[in-house]
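The data block below is final10.cif; it holds mmCIF, C-alpha atoms.
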```
data_start
loop_
_atom_site.label_atom_id
_atom_site.label_comp_id
_atom_site.auth_asym_id
_atom_site.auth_seq_id
_atom_site.Cartn_x
_atom_site.Cartn_y
_atom_site.Cartn_z
CA MET O 1 -11.17 3.55 -19.47
CA ALA O 2 -11.51 1.48 -16.36
CA LEU O 3 -9.21 -0.94 -14.63
CA LYS O 4 -9.92 -4.44 -15.79
CA LEU O 5 -8.23 -7.82 -15.96
CA GLU O 6 -9.16 -9.64 -19.15
CA PRO O 7 -9.60 -13.41 -18.80
CA GLY O 8 -6.58 -15.24 -20.21
CA THR O 9 -4.15 -12.40 -19.32
CA ARG O 10 -0.61 -13.52 -18.50
CA LEU O 11 0.03 -12.73 -14.82
CA VAL O 12 3.29 -12.98 -12.91
CA VAL O 13 2.57 -14.49 -9.50
CA ALA O 14 4.93 -12.66 -7.20
CA THR O 15 5.44 -15.25 -4.52
CA HIS O 16 8.35 -17.54 -3.74
CA ASN O 17 6.17 -19.57 -1.34
CA PRO O 18 5.13 -22.80 -3.09
CA GLY O 19 2.08 -23.27 -0.82
CA LYS O 20 0.74 -19.82 -1.73
CA ALA O 21 1.53 -20.27 -5.42
CA ARG O 22 -0.42 -23.56 -5.46
CA GLU O 23 -3.43 -22.06 -3.67
CA LEU O 24 -3.50 -19.02 -5.94
CA ALA O 25 -3.38 -21.36 -8.94
CA GLU O 26 -6.31 -23.38 -7.49
CA ILE O 27 -8.33 -20.24 -6.80
CA LEU O 28 -7.63 -18.61 -10.16
CA GLU O 29 -8.47 -21.97 -11.86
CA GLY O 30 -7.63 -21.38 -15.48
CA ARG O 31 -8.81 -17.76 -15.62
CA PHE O 32 -5.31 -16.43 -16.27
CA GLN O 33 -1.99 -17.68 -17.58
CA LEU O 34 0.12 -17.75 -14.45
CA VAL O 35 3.89 -17.38 -14.54
CA ALA O 36 5.91 -17.76 -11.32
CA ALA O 37 8.21 -14.90 -10.34
CA GLY O 38 10.89 -17.52 -9.59
CA GLU O 39 10.70 -18.88 -13.16
CA LEU O 40 11.44 -15.39 -14.48
CA GLY O 41 14.37 -15.11 -12.09
CA LEU O 42 12.80 -12.12 -10.35
CA PRO O 43 14.36 -11.31 -6.97
CA GLU O 44 12.30 -11.50 -3.77
CA PRO O 45 11.96 -7.94 -2.42
CA ASP O 46 12.30 -7.21 1.30
CA GLU O 47 8.89 -6.90 2.95
CA THR O 48 9.49 -3.53 4.54
CA GLU O 49 5.90 -2.36 4.93
CA THR O 50 3.87 -2.38 8.11
CA THR O 51 0.61 -3.84 6.77
CA PHE O 52 -0.53 -6.77 4.64
CA VAL O 53 -1.78 -4.45 1.88
CA GLY O 54 1.50 -2.49 1.93
CA ASN O 55 3.59 -5.64 1.53
CA ALA O 56 1.31 -7.16 -1.12
CA LEU O 57 1.56 -3.95 -3.15
CA LEU O 58 5.31 -3.75 -2.73
CA LYS O 59 5.71 -7.30 -4.06
CA ALA O 60 3.28 -6.84 -6.97
CA ARG O 61 4.86 -3.50 -7.91
CA ALA O 62 8.41 -4.93 -7.87
CA ALA O 63 7.43 -7.94 -10.01
CA ALA O 64 5.41 -5.86 -12.50
CA ASP O 65 8.09 -3.23 -12.99
CA ALA O 66 10.88 -5.82 -13.31
CA SER O 67 8.99 -8.14 -15.69
CA GLY O 68 6.93 -5.67 -17.71
CA MET O 69 3.91 -7.91 -17.05
CA ILE O 70 0.85 -7.48 -14.84
CA ALA O 71 1.72 -9.01 -11.47
CA LEU O 72 -0.34 -10.53 -8.66
CA ALA O 73 1.00 -10.79 -5.11
CA ASP O 74 -0.36 -12.09 -1.83
CA ASP O 75 0.70 -11.03 1.63
CA SER O 76 -0.93 -12.94 4.40
CA GLY O 77 -0.64 -14.07 7.95
CA LEU O 78 -2.22 -15.16 11.18
CA SER O 79 -3.28 -12.63 13.82
CA VAL O 80 -4.00 -13.76 17.37
CA LYS O 81 -6.30 -11.60 19.47
CA ALA O 82 -4.68 -12.34 22.83
CA LEU O 83 -1.27 -11.49 21.33
CA ASP O 84 -2.49 -8.08 20.10
CA GLY O 85 -2.52 -9.28 16.50
CA ALA O 86 0.88 -11.03 16.51
CA PRO O 87 2.43 -12.63 14.55
CA GLY O 88 0.46 -10.70 11.87
CA ILE O 89 2.72 -9.39 9.10
CA PHE O 90 5.60 -11.21 10.81
CA SER O 91 3.92 -14.63 10.43
CA ALA O 92 6.48 -15.94 7.94
CA ARG O 93 9.36 -14.37 9.88
CA TRP O 94 8.37 -16.25 13.06
CA ALA O 95 9.17 -19.42 11.13
CA GLY O 96 12.75 -18.26 10.57
CA PRO O 97 14.94 -18.70 7.50
CA GLU O 98 14.30 -22.47 7.61
CA LYS O 99 10.54 -21.78 7.27
CA ASP O 100 10.00 -23.99 10.30
CA PHE O 101 6.30 -23.56 10.98
CA ALA O 102 6.26 -26.33 13.60
CA MET O 103 8.54 -24.02 15.60
CA ALA O 104 6.41 -20.97 14.78
CA MET O 105 3.25 -22.75 15.99
CA ARG O 106 5.04 -23.72 19.23
CA LYS O 107 6.02 -20.08 19.65
CA VAL O 108 2.35 -19.03 19.34
CA GLU O 109 1.41 -21.64 21.96
CA GLU O 110 4.19 -20.49 24.33
CA ARG O 111 3.25 -16.85 24.01
CA LEU O 112 -0.37 -17.69 24.75
CA GLU O 113 0.75 -19.55 27.89
CA GLU O 114 2.94 -16.62 28.93
CA VAL O 115 0.03 -14.17 28.76
CA GLY O 116 -2.34 -16.76 30.31
CA ALA O 117 -4.85 -16.25 27.51
CA ASP O 118 -8.34 -17.75 27.76
CA ASP O 119 -9.50 -16.28 24.48
CA LEU O 120 -7.96 -18.20 21.57
CA SER O 121 -9.63 -16.13 18.83
CA ALA O 122 -7.49 -15.63 15.73
CA TRP O 123 -7.89 -14.71 12.12
CA PHE O 124 -6.06 -15.12 8.86
CA THR O 125 -5.72 -12.13 6.54
CA SER O 126 -4.76 -12.16 2.89
CA ALA O 127 -4.05 -9.01 0.91
CA LEU O 128 -4.03 -9.51 -2.85
CA ALA O 129 -2.46 -6.82 -5.01
CA VAL O 130 -2.43 -6.52 -8.79
CA ALA O 131 0.05 -4.07 -10.31
CA TRP O 132 0.40 -2.92 -13.90
CA PRO O 133 4.03 -2.29 -14.94
CA HIS O 134 4.86 1.33 -14.05
CA GLY O 135 1.13 1.87 -13.77
CA PRO O 136 -1.69 1.63 -11.26
CA ALA O 137 -2.15 -1.05 -8.65
CA VAL O 138 -5.25 -2.48 -7.00
CA VAL O 139 -5.37 -4.09 -3.59
CA VAL O 140 -8.04 -5.96 -1.62
CA GLU O 141 -8.10 -7.79 1.69
CA GLY O 142 -9.91 -10.92 2.86
CA GLU O 143 -10.18 -12.43 6.34
CA VAL O 144 -11.37 -15.63 7.92
CA HIS O 145 -12.04 -15.81 11.65
CA GLY O 146 -11.69 -18.77 13.99
CA VAL O 147 -9.93 -20.09 17.07
CA LEU O 148 -6.58 -21.70 17.69
CA SER O 149 -6.35 -25.33 18.67
CA PHE O 150 -3.30 -27.18 20.02
CA PRO O 151 -1.58 -29.49 19.25
CA PRO O 152 -1.40 -28.86 15.48
CA ARG O 153 -3.57 -31.21 13.40
CA GLY O 154 -3.33 -32.20 9.74
CA ASP O 155 -0.65 -32.14 7.07
CA LYS O 156 -2.54 -30.29 4.35
CA GLY O 157 -2.30 -26.55 3.71
CA PHE O 158 0.82 -24.79 4.92
CA GLY O 159 2.07 -22.32 7.50
CA TYR O 160 -0.14 -22.06 10.59
CA ASP O 161 -3.01 -24.06 9.04
CA PRO O 162 -2.72 -27.02 11.49
CA ILE O 163 -3.61 -24.84 14.53
CA PHE O 164 -6.44 -22.83 12.92
CA LEU O 165 -10.05 -23.94 13.35
CA PRO O 166 -12.34 -21.78 11.20
CA GLU O 167 -15.39 -20.49 13.10
CA GLY O 168 -18.00 -23.18 13.69
CA LEU O 169 -16.03 -26.01 12.09
CA GLU O 170 -14.22 -28.97 13.62
CA GLN O 171 -11.41 -29.48 11.14
CA THR O 172 -8.30 -27.32 11.14
CA PHE O 173 -7.17 -25.78 7.85
CA GLY O 174 -4.40 -28.40 8.03
CA GLU O 175 -7.00 -31.21 7.94
CA MET O 176 -9.36 -29.78 5.32
CA ALA O 177 -9.30 -30.89 1.70
CA PRO O 178 -7.86 -28.13 -0.53
CA GLU O 179 -11.26 -27.61 -2.19
CA ALA O 180 -12.86 -27.03 1.22
CA LYS O 181 -10.17 -24.59 2.38
CA ASP O 182 -10.16 -22.81 -1.01
CA GLY O 183 -13.89 -22.26 -0.67
CA MET O 184 -13.64 -20.29 2.59
CA SER O 185 -10.08 -19.16 3.14
CA HIS O 186 -8.91 -15.57 3.62
CA ARG O 187 -7.20 -15.88 0.22
CA ALA O 188 -10.42 -17.02 -1.46
CA ARG O 189 -12.36 -14.17 0.20
CA ALA O 190 -9.82 -11.64 -0.98
CA PHE O 191 -10.11 -13.09 -4.47
CA VAL O 192 -13.90 -12.68 -4.46
CA LYS O 193 -13.34 -8.95 -3.85
CA LEU O 194 -10.64 -8.76 -6.51
CA LYS O 195 -13.02 -10.43 -8.96
CA ALA O 196 -15.80 -8.01 -8.09
CA ALA O 197 -13.37 -5.16 -8.67
CA LEU O 198 -11.56 -6.25 -11.79
CA LEU O 199 -13.27 -9.07 -13.70
CA MET Y 1 -17.42 -5.44 -13.50
CA ALA Y 2 -14.44 -3.16 -13.57
CA LEU Y 3 -13.19 -0.53 -11.18
CA LYS Y 4 -14.44 2.84 -12.26
CA LEU Y 5 -15.03 6.30 -10.85
CA GLU Y 6 -18.15 7.84 -12.31
CA PRO Y 7 -17.94 11.61 -12.92
CA GLY Y 8 -19.86 13.50 -10.26
CA THR Y 9 -19.17 10.88 -7.58
CA ARG Y 10 -18.93 12.24 -4.04
CA LEU Y 11 -15.35 11.73 -2.85
CA VAL Y 12 -13.94 12.29 0.62
CA VAL Y 13 -10.57 13.97 0.28
CA ALA Y 14 -8.52 12.42 3.05
CA THR Y 15 -6.09 15.21 3.76
CA HIS Y 16 -5.84 17.69 6.58
CA ASN Y 17 -3.28 19.76 4.64
CA PRO Y 18 -5.06 22.81 3.15
CA GLY Y 19 -2.40 23.23 0.40
CA LYS Y 20 -2.92 19.69 -0.82
CA ALA Y 21 -6.68 19.93 -0.58
CA ARG Y 22 -6.64 23.09 -2.72
CA GLU Y 23 -4.36 21.54 -5.35
CA LEU Y 24 -6.43 18.37 -5.51
CA ALA Y 25 -9.53 20.50 -5.99
CA GLU Y 26 -7.82 22.44 -8.80
CA ILE Y 27 -6.64 19.25 -10.49
CA LEU Y 28 -9.98 17.47 -10.14
CA GLU Y 29 -11.74 20.62 -11.43
CA GLY Y 30 -15.36 19.85 -11.07
CA ARG Y 31 -15.15 16.19 -12.01
CA PHE Y 32 -16.23 15.04 -8.56
CA GLN Y 33 -18.06 16.36 -5.54
CA LEU Y 34 -15.27 16.76 -3.03
CA VAL Y 35 -15.88 16.58 0.70
CA ALA Y 36 -13.01 17.30 3.11
CA ALA Y 37 -12.21 14.66 5.72
CA GLY Y 38 -12.00 17.44 8.30
CA GLU Y 39 -15.58 18.58 7.52
CA LEU Y 40 -16.80 15.06 8.29
CA GLY Y 41 -14.81 15.10 11.53
CA LEU Y 42 -12.72 12.13 10.42
CA PRO Y 43 -9.56 11.62 12.49
CA GLU Y 44 -6.13 11.89 10.86
CA PRO Y 45 -4.54 8.43 10.97
CA ASP Y 46 -0.86 7.95 11.85
CA GLU Y 47 1.25 7.55 8.74
CA THR Y 48 2.94 4.35 9.79
CA GLU Y 49 3.89 3.01 6.39
CA THR Y 50 7.33 3.12 4.81
CA THR Y 51 6.39 4.30 1.30
CA PHE Y 52 4.28 7.02 -0.29
CA VAL Y 53 1.88 4.45 -1.76
CA GLY Y 54 1.58 2.70 1.58
CA ASN Y 55 0.69 5.91 3.41
CA ALA Y 56 -1.69 7.12 0.68
CA LEU Y 57 -3.53 3.81 0.86
CA LEU Y 58 -3.66 3.85 4.63
CA LYS Y 59 -5.23 7.34 4.62
CA ALA Y 60 -7.71 6.54 1.84
CA ARG Y 61 -8.68 3.25 3.48
CA ALA Y 62 -9.22 4.87 6.89
CA ALA Y 63 -11.38 7.68 5.44
CA ALA Y 64 -13.43 5.34 3.23
CA ASP Y 65 -14.14 2.83 5.98
CA ALA Y 66 -15.00 5.55 8.52
CA SER Y 67 -17.23 7.59 6.17
CA GLY Y 68 -18.79 4.89 4.01
CA MET Y 69 -17.84 7.00 0.96
CA ILE Y 70 -15.19 6.54 -1.71
CA ALA Y 71 -12.06 8.32 -0.48
CA LEU Y 72 -9.09 9.91 -2.20
CA ALA Y 73 -5.78 10.47 -0.42
CA ASP Y 74 -2.42 11.90 -1.38
CA ASP Y 75 0.89 11.12 0.23
CA SER Y 76 3.75 13.12 -1.13
CA GLY Y 77 7.17 14.48 -0.41
CA LEU Y 78 10.53 15.70 -1.59
CA SER Y 79 13.44 13.30 -2.12
CA VAL Y 80 16.98 14.62 -2.38
CA LYS Y 81 19.51 12.47 -4.23
CA ALA Y 82 22.56 13.55 -2.20
CA LEU Y 83 20.62 12.79 1.01
CA ASP Y 84 19.79 9.25 -0.15
CA GLY Y 85 16.19 10.19 -0.75
CA ALA Y 86 15.58 12.14 2.49
CA PRO Y 87 13.32 13.68 3.65
CA GLY Y 88 11.07 11.47 1.43
CA ILE Y 89 8.10 10.09 3.36
CA PHE Y 90 9.26 12.18 6.33
CA SER Y 91 8.91 15.47 4.41
CA ALA Y 92 6.02 16.74 6.50
CA ARG Y 93 7.60 15.49 9.73
CA TRP Y 94 10.78 17.51 9.07
CA ALA Y 95 8.58 20.59 9.39
CA GLY Y 96 7.59 19.60 12.93
CA PRO Y 97 4.20 19.97 14.62
CA GLU Y 98 4.22 23.69 13.74
CA LYS Y 99 4.43 22.76 10.02
CA ASP Y 100 7.38 25.12 9.77
CA PHE Y 101 8.61 24.55 6.24
CA ALA Y 102 11.06 27.47 6.39
CA MET Y 103 12.82 25.43 9.07
CA ALA Y 104 12.50 22.22 7.06
CA MET Y 105 14.06 23.90 4.01
CA ARG Y 106 16.95 25.17 6.15
CA LYS Y 107 17.42 21.63 7.41
CA VAL Y 108 17.71 20.35 3.82
CA GLU Y 109 20.29 23.07 3.07
CA GLU Y 110 22.28 22.25 6.22
CA ARG Y 111 22.30 18.54 5.49
CA LEU Y 112 23.53 19.23 1.95
CA GLU Y 113 26.37 21.35 3.38
CA GLU Y 114 27.24 18.61 5.89
CA VAL Y 115 27.63 16.01 3.15
CA GLY Y 116 29.35 18.54 0.86
CA ALA Y 117 26.96 17.73 -1.98
CA ASP Y 118 27.64 19.05 -5.50
CA ASP Y 119 24.66 17.28 -6.99
CA LEU Y 120 21.44 19.09 -6.01
CA SER Y 121 19.09 16.74 -7.90
CA ALA Y 122 15.77 16.17 -6.20
CA TRP Y 123 12.29 14.99 -7.04
CA PHE Y 124 8.78 15.28 -5.71
CA THR Y 125 6.61 12.19 -5.50
CA SER Y 126 2.86 12.02 -5.08
CA ALA Y 127 0.99 8.80 -4.44
CA LEU Y 128 -2.76 9.06 -4.97
CA ALA Y 129 -4.97 6.34 -3.57
CA VAL Y 130 -8.69 5.80 -4.04
CA ALA Y 131 -10.41 3.39 -1.65
CA TRP Y 132 -13.94 2.02 -1.72
CA PRO Y 133 -15.46 1.55 1.76
CA HIS Y 134 -14.49 -1.97 2.94
CA GLY Y 135 -13.64 -2.69 -0.69
CA PRO Y 136 -10.79 -2.46 -3.14
CA ALA Y 137 -8.28 0.36 -3.40
CA VAL Y 138 -6.29 1.73 -6.32
CA VAL Y 139 -3.00 3.53 -6.05
CA VAL Y 140 -0.76 5.37 -8.55
CA GLU Y 141 2.41 7.40 -8.26
CA GLY Y 142 3.64 10.50 -10.09
CA GLU Y 143 7.04 12.22 -9.97
CA VAL Y 144 8.58 15.45 -11.13
CA HIS Y 145 12.38 15.82 -11.27
CA GLY Y 146 14.45 18.94 -10.80
CA VAL Y 147 17.18 20.57 -8.72
CA LEU Y 148 17.20 22.39 -5.43
CA SER Y 149 17.94 26.10 -5.29
CA PHE Y 150 18.72 28.23 -2.21
CA PRO Y 151 17.60 30.58 -0.78
CA PRO Y 152 13.88 29.70 -1.08
CA ARG Y 153 12.00 31.77 -3.68
CA GLY Y 154 8.31 32.51 -4.04
CA ASP Y 155 5.29 32.43 -1.77
CA LYS Y 156 2.96 30.30 -3.89
CA GLY Y 157 2.49 26.56 -3.51
CA PHE Y 158 3.33 25.06 -0.12
CA GLY Y 159 5.85 22.84 1.65
CA TYR Y 160 9.23 22.66 -0.08
CA ASP Y 161 8.01 24.38 -3.27
CA PRO Y 162 10.23 27.51 -2.82
CA ILE Y 163 13.47 25.48 -3.15
CA PHE Y 164 12.41 23.23 -6.03
CA LEU Y 165 13.28 24.16 -9.62
CA PRO Y 166 11.61 21.73 -12.04
CA GLU Y 167 14.01 20.39 -14.71
CA GLY Y 168 14.83 22.95 -17.39
CA LEU Y 169 12.78 25.77 -15.84
CA GLU Y 170 13.86 28.93 -14.03
CA GLN Y 171 10.98 29.44 -11.63
CA THR Y 172 10.66 27.48 -8.41
CA PHE Y 173 7.35 25.77 -7.65
CA GLY Y 174 6.97 28.57 -5.09
CA GLU Y 175 7.09 31.19 -7.85
CA MET Y 176 4.93 29.48 -10.46
CA ALA Y 177 1.29 30.35 -10.98
CA PRO Y 178 -0.98 27.56 -9.68
CA GLU Y 179 -2.09 26.72 -13.24
CA ALA Y 180 1.54 26.28 -14.30
CA LYS Y 181 2.42 24.07 -11.32
CA ASP Y 182 -0.80 22.09 -11.66
CA GLY Y 183 0.09 21.34 -15.27
CA MET Y 184 3.37 19.61 -14.44
CA SER Y 185 3.49 18.70 -10.77
CA HIS Y 186 3.98 15.24 -9.29
CA ARG Y 187 0.34 15.43 -8.12
CA ALA Y 188 -0.90 16.26 -11.62
CA ARG Y 189 1.17 13.44 -13.10
CA ALA Y 190 -0.21 10.97 -10.59
CA PHE Y 191 -3.71 12.18 -11.45
CA VAL Y 192 -3.12 11.55 -15.18
CA LYS Y 193 -2.39 7.92 -14.28
CA LEU Y 194 -5.40 7.71 -11.99
CA LYS Y 195 -7.57 9.08 -14.77
CA ALA Y 196 -6.18 6.56 -17.25
CA ALA Y 197 -6.93 3.83 -14.74
CA LEU Y 198 -10.36 4.81 -13.43
CA LEU Y 199 -12.16 7.36 -15.58
#
```
Kindly return the structure encoded in the file as structure tokens.
Amino acid sequence: MALKLEPGTRLVVATHNPGKARELAEILEGRFQLVAAGELGLPEPDETETTFVGNALLKARAAADASGMIALADDSGLSVKALDGAPGIFSARWAGPEKDFAMAMRKVEERLEEVGADDLSAWFTSALAVAWPHGPAVVVEGEVHGVLSFPPRGDKGFGYDPIFLPEGLEQTFGEMAPEAKDGMSHRARAFVKLKAALL
Amino acid sequence: MALKLEPGTRLVVATHNPGKARELAEILEGRFQLVAAGELGLPEPDETETTFVGNALLKARAAADASGMIALADDSGLSVKALDGAPGIFSARWAGPEKDFAMAMRKVEERLEEVGADDLSAWFTSALAVAWPHGPAVVVEGEVHGVLSFPPRGDKGFGYDPIFLPEGLEQTFGEMAPEAKDGMSHRARAFVKLKAALL
């Protein structure tokens, strides 16, 4: 035997973030039957791990074991070089319970001013985990590198997208059409690895 | 494609614990060419995760990326019901830098006396992770349930084995012949799942 995801498999998508759920649906484009964890009434586990892969696994494992179905989870975030990788796995938490990313982006800008950073390098990471109920789990990671740009620009994407300029491009992730972002994003790059591993 | 481990593959075993390395070698019995992480001079990463699977992945990932070879890591420990799962992922740390498991076992006994526990239920968990260099990783978990028994008995096995009586048996893991322990241990059960997933 070997680990494999058959096309058309029903997958629980273990995210309660609508932006992520939409992007995963775009990227997986009809390969699988996606069911949202929220639709199944699955609880949102606490993200107690210290890495993206740890948290992605924890979420996929919880959803798979609770639903009895194969589950897919994403854990992702923005890491800023001059802030020693912050906000990193705390990216969503910087936005607070209100998920106020305008505030979170201001916080990034303020911290950069505090440390007097010249280097605005940053990268997005996405860990994608697939877990079989009470069985094995697979995890991959994708990254996209770029620089931060203030003030935020664009109302597409979600999270920190409006301040992230991918390397060599002039539009922020917040300004790019979904098809353009989906072609180069950290999430898309992680999915390429997942596909190479499991499809 | 599908994730698969071909028999005969060279695998780095990412453990610096000789007891674990020996048991993994016994369990893998000639299926793979095992290379110890220590032999390659790979550093031992800090186990910063909060779960067995998280730490197993972290060790496999570090060894795979540093060596360029597929890596296998184990993270395991003893969880005691009356101690809310302690020592759990801190099992090795309870033995201190000297790896003094006689002391660690006394600590378990003292804690049980402090809480006045009647229920001596406990279980061993092993998470096994396989990571491809800069690629995907697979992780599985195996458990074996039993009860604690004091004083420690037997000089086989390692770690907390002398105080662990597997369910329904009268010998501690410390008293059992390696072949007997390897047939039923948490590590062997995890390997059965890994085999089902990858072989």
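The space separating CA of Asp65 (chain O) from CA of Thr9 (chain O) comes to 16.6 Å.
Closest approach to Ala104 (chain Y) from the set Y:Gly85, Y:Pro133, Y:Pro152, Y:Gly30 is made by Y:Pro152, with distances taken over only C-alpha atoms.
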Residues of chain Y that have any atom at most 9 Å from an atom of chain O: could you tabulate them with the shortest-distance atom pair and the distance in Å to one decimal, using only C-alpha atoms, ordered by chain and increasing number, as JSON lines?
```
{"residue": "Y:Met1", "atom": "CA", "partner": "O:Leu199", "partner_atom": "CA", "distance": 5.5}
{"residue": "Y:Ala2", "atom": "CA", "partner": "O:Leu198", "partner_atom": "CA", "distance": 4.6}
{"residue": "Y:Leu3", "atom": "CA", "partner": "O:Ala197", "partner_atom": "CA", "distance": 5.3}
{"residue": "Y:Lys4", "atom": "CA", "partner": "O:Ala2", "partner_atom": "CA", "distance": 5.2}
{"residue": "Y:Leu5", "atom": "CA", "partner": "O:Ala2", "partner_atom": "CA", "distance": 8.1}
{"residue": "Y:Thr48", "atom": "CA", "partner": "O:Thr50", "partner_atom": "CA", "distance": 7.0}
{"residue": "Y:Glu49", "atom": "CA", "partner": "O:Thr50", "partner_atom": "CA", "distance": 5.7}
{"residue": "Y:Thr50", "atom": "CA", "partner": "O:Glu49", "partner_atom": "CA", "distance": 5.7}
{"residue": "Y:Thr51", "atom": "CA", "partner": "O:Glu49", "partner_atom": "CA", "distance": 7.6}
{"residue": "Y:Val53", "atom": "CA", "partner": "O:Gly54", "partner_atom": "CA", "distance": 7.9}
{"residue": "Y:Gly54", "atom": "CA", "partner": "O:Gly54", "partner_atom": "CA", "distance": 5.2}
{"residue": "Y:Asn55", "atom": "CA", "partner": "O:Gly54", "partner_atom": "CA", "distance": 8.6}
{"residue": "Y:Leu57", "atom": "CA", "partner": "O:Gly54", "partner_atom": "CA", "distance": 8.1}
{"residue": "Y:Leu58", "atom": "CA", "partner": "O:Gly54", "partner_atom": "CA", "distance": 8.6}
{"residue": "Y:His134", "atom": "CA", "partner": "O:Glu141", "partner_atom": "CA", "distance": 8.7}
{"residue": "Y:Gly135", "atom": "CA", "partner": "O:Val140", "partner_atom": "CA", "distance": 6.6}
{"residue": "Y:Pro136", "atom": "CA", "partner": "O:Val140", "partner_atom": "CA", "distance": 4.7}
{"residue": "Y:Ala137", "atom": "CA", "partner": "O:Val139", "partner_atom": "CA", "distance": 5.3}
{"residue": "Y:Val138", "atom": "CA", "partner": "O:Val138", "partner_atom": "CA", "distance": 4.4}
{"residue": "Y:Val139", "atom": "CA", "partner": "O:Ala137", "partner_atom": "CA", "distance": 5.3}
{"residue": "Y:Val140", "atom": "CA", "partner": "O:Pro136", "partner_atom": "CA", "distance": 4.7}
{"residue": "Y:Glu141", "atom": "CA", "partner": "O:Pro136", "partner_atom": "CA", "distance": 7.7}
{"residue": "Y:Lys193", "atom": "CA", "partner": "O:Pro136", "partner_atom": "CA", "distance": 7.0}
{"residue": "Y:Leu194", "atom": "CA", "partner": "O:Pro136", "partner_atom": "CA", "distance": 7.2}
{"residue": "Y:Lys195", "atom": "CA", "partner": "O:Met1", "partner_atom": "CA", "distance": 8.1}
{"residue": "Y:Ala196", "atom": "CA", "partner": "O:Met1", "partner_atom": "CA", "distance": 6.2}
{"residue": "Y:Ala197", "atom": "CA", "partner": "O:Leu3", "partner_atom": "CA", "distance": 5.3}
{"residue": "Y:Leu198", "atom": "CA", "partner": "O:Ala2", "partner_atom": "CA", "distance": 4.6}
{"residue": "Y:Leu199", "atom": "CA", "partner": "O:Met1", "partner_atom": "CA", "distance": 5.5}
```
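Non-sequential neighbours of Phe90 (chain Y) (distance at most 10 Å, separation of 2 or more positions within a chain, all atoms listed in the file) are Glu47, Thr50, Thr51, Phe52, Ser76, Gly77, Leu78, Ser79, Ala86, Pro87, Gly88, Ala92, Arg93, Trp94 and Ala95 of chain Y.
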Residues near Ala122 (chain O), anyone? I mean within 8 Å using all atoms listed in the file, not counting same-chain ones fewer than 3 positions away, as a VMD selection string. chain O and resid 78 to 81 145 to 148 164
Compile the contact shell of Glu23 (chain Y) as a PDB file with C-alpha atoms, in the coordinates of the input: residues with an atom at most 9 Å away, counting only C-alpha atoms, same-chain residues fewer than 5 positions apart removed.
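And here's out.pdb as it stands now:
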```pdb
ATOM      1  CA  PRO Y  18      -5.060  22.810   3.150  1.00  0.00           C
ATOM      2  CA  LEU Y  28      -9.980  17.470 -10.140  1.00  0.00           C
ATOM      3  CA  GLY Y 157       2.490  26.560  -3.510  1.00  0.00           C
ATOM      4  CA  PRO Y 178      -0.980  27.560  -9.680  1.00  0.00           C
ATOM      5  CA  ASP Y 182      -0.800  22.090 -11.660  1.00  0.00           C
ATOM      6  CA  ARG Y 187       0.340  15.430  -8.120  1.00  0.00           C
ATOM      7  CA  ALA Y 188      -0.900  16.260 -11.620  1.00  0.00           C
TER       8      ALA Y 188
END
```
One decimal place gives the CA of Ala102 (chain O)-CA of Arg153 (chain O) separation as 11.0 Å
Could you pull the residues within 12 Å of Leu24 (chain O), counting all atoms listed in the file, minus those fewer than 5 positions along the same chain, as a PyMOL selection string? chain O and resi 11-15+17-19+29-36+72-75+126+128+178+182+185-191
Between CA of Glu143 (chain O) and CA of Gly38 (chain O), what is the distance in Å, rounded to a tenth? 26.9 Å
Determine, counting all atoms listed in the file, which protein, DNA and RNA residues have an atom within 8 Å of an atom of Asp161 (chain Y); residues of the same chain fewer than 3 positions away are not included. Present the result as a CSV table (one decimal) with C-alpha atoms, keeping the file's coordinate frame.
```
chain,number,residue,atom,x,y,z
Y,156,LYS,CA,3.0,30.3,-3.9
Y,157,GLY,CA,2.5,26.6,-3.5
Y,158,PHE,CA,3.3,25.1,-0.1
Y,164,PHE,CA,12.4,23.2,-6.0
Y,172,THR,CA,10.7,27.5,-8.4
Y,173,PHE,CA,7.4,25.8,-7.6
Y,174,GLY,CA,7.0,28.6,-5.1
```
